[in-house]
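Trainee: Below you will find the structure I want to go over with you.
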Amino acid sequence: MIQKEIEKINAELKDKSPLEIIEWAVAHADGNAIVSTNFRPFEAVILHLVTKIKPDIPVLWADHGYNRPATYRHAEALKKLLGLNIKAYVPRITAAHRDAIDGPIPTPENEAELKKFSTIFKLEPFQRGMKELAPKVWITALRKDQNPNRAEMDIVSDDKNFGVLKVNPLFYWNNQDLEKYLKENNLPNEWSYFDPAKADEKRECGLHAAWGGDAIAKTEK
């Protein structure tokens with residue numbers, strides 16, 4: 001899809017509800033749509049919405065193995081509550097093995113090592129999942145207000161890292177909108193989530209950043 005077409009679609013979808021955007025995404029996926037999740041705060045919103053439209057939609061989860069117990073319990077609760085069709089992909093090395101050899105998780109001050117960590121524990125398993133599921137449309141919970149990098153995105157984009165159409169139905173929602181939706185639909189939330197591949201909420205783990213595409217390409221060589 002060329003950029004002018006994407007710009008036109010974004011203009012048409014800007015005032016649509018998230019549910020209407022998801023309906024559009026599924027209709028344009030020719031049966032090949034997925035939604036990704038990491039079970040961070042507010043993820044129940046996008047999962048509840050997409051399963052309203054397509055109950056059996058594959059839910060791609062790159063489980064890096066460093067999630068806190070509460071996050072794993074939250075994932076199991078949502079799986080049962082929403083009947084999620086979870087497709088989990090894990091790294092080729094366990095968290096325990098990695099920590100024993102390399103020590104503590106890199107901090108934001110060591111960008112090179114943190115990118116290496118992200119590539120092994122998040123990008124590689126995610127890429128494996130994308131290859132096996134082979135979606136035409138990838139639905140995410142990305143929002144404009146999450147960090148400066150995401151503020152420059154839009155509802156629909158041609159994702160260069162994975163070669164699919166990426167759709168962000170909640171792009172213009174804020175925390176208040178999400179909290180209201182959770183309350184109205186009696187959905188659980190999870191606040192103890194921590195992503196070691198990001199280390200900081202203002203930083204990208206690579207899935208939605210240009211450097212991630214380069215890192216993914218290297219894993220395929």
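Here, A, B, ... name the chains of the structure tokens in the order displayed, residue numbers run from 1 inside each chain, and ligands are numbered from 1 in the same displayed order.
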Enumerate, as a list in words, the complete set of residues in segment 37-152 of chain A that a backbone-based DSSP assignment places in strand (DSSP E).

Mentor: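 The strand (DSSP E) residues within segment 37-152 of chain A come out as Pro58, Val59, Leu60, Trp61, Ala62, Asn85, Ile86, Lys87, Ala88, Tyr89, Val137, Trp138 and Ile139 of chain A.
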
Trainee: Applying 12 Å and only C-alpha atoms, which residues near Leu178 of chain A remain after dropping the ones on its own chain fewer than 5 positions away? List them as a list in words.

Mentor: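 Answer for this query is Pro18, Pro41, Phe42, Glu43, Ala44, Val45, Ile46, His48, Leu49, Ala141, Arg143, Leu170, Phe171, Tyr172, Trp173, Lys183, Glu184, Asn185, Asn186, Leu187, Pro188 and Asn189 of chain A.
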
Trainee: Quick one: pick out all helix (DSSP H, G or I) residues within segment 38-217 of chain A from a backbone DSSP run and write them as a ChimeraX atom specification.

Mentor: /A:43-53,69-82,95-102,111-133,148-151,175-184,210-217

Trainee: Give me the residues within 10 Å of Glu12 of chain A as a list in words, counting only C-alpha atoms and dropping any in the same chain fewer than 5 places off.

Mentor: Ile6, Glu7 and Ile21 of chain A

Trainee: Create the file for the chosen residues now, containing C-alpha atoms and written as a compact mmCIF listing (two decimals), in the first residue's frame.

Mentor:
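In the end it all went to again-v2.txt:
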# COMPACT_ATOMS: atom_id res chain seq x y z
CA ILE A 6 -2.35 5.21 3.93
CA GLU A 7 -2.74 8.95 4.52
CA ILE A 21 -11.17 0.65 13.20

Trainee: Return the single residue from A:Glu132, A:Asp99, A:Glu76, A:Asp154 that is closest to Ile34 of chain A, with distances computed using only C-alpha atoms.

Mentor: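 Smallest distance to Ile34 of chain A is found for A:Glu132.
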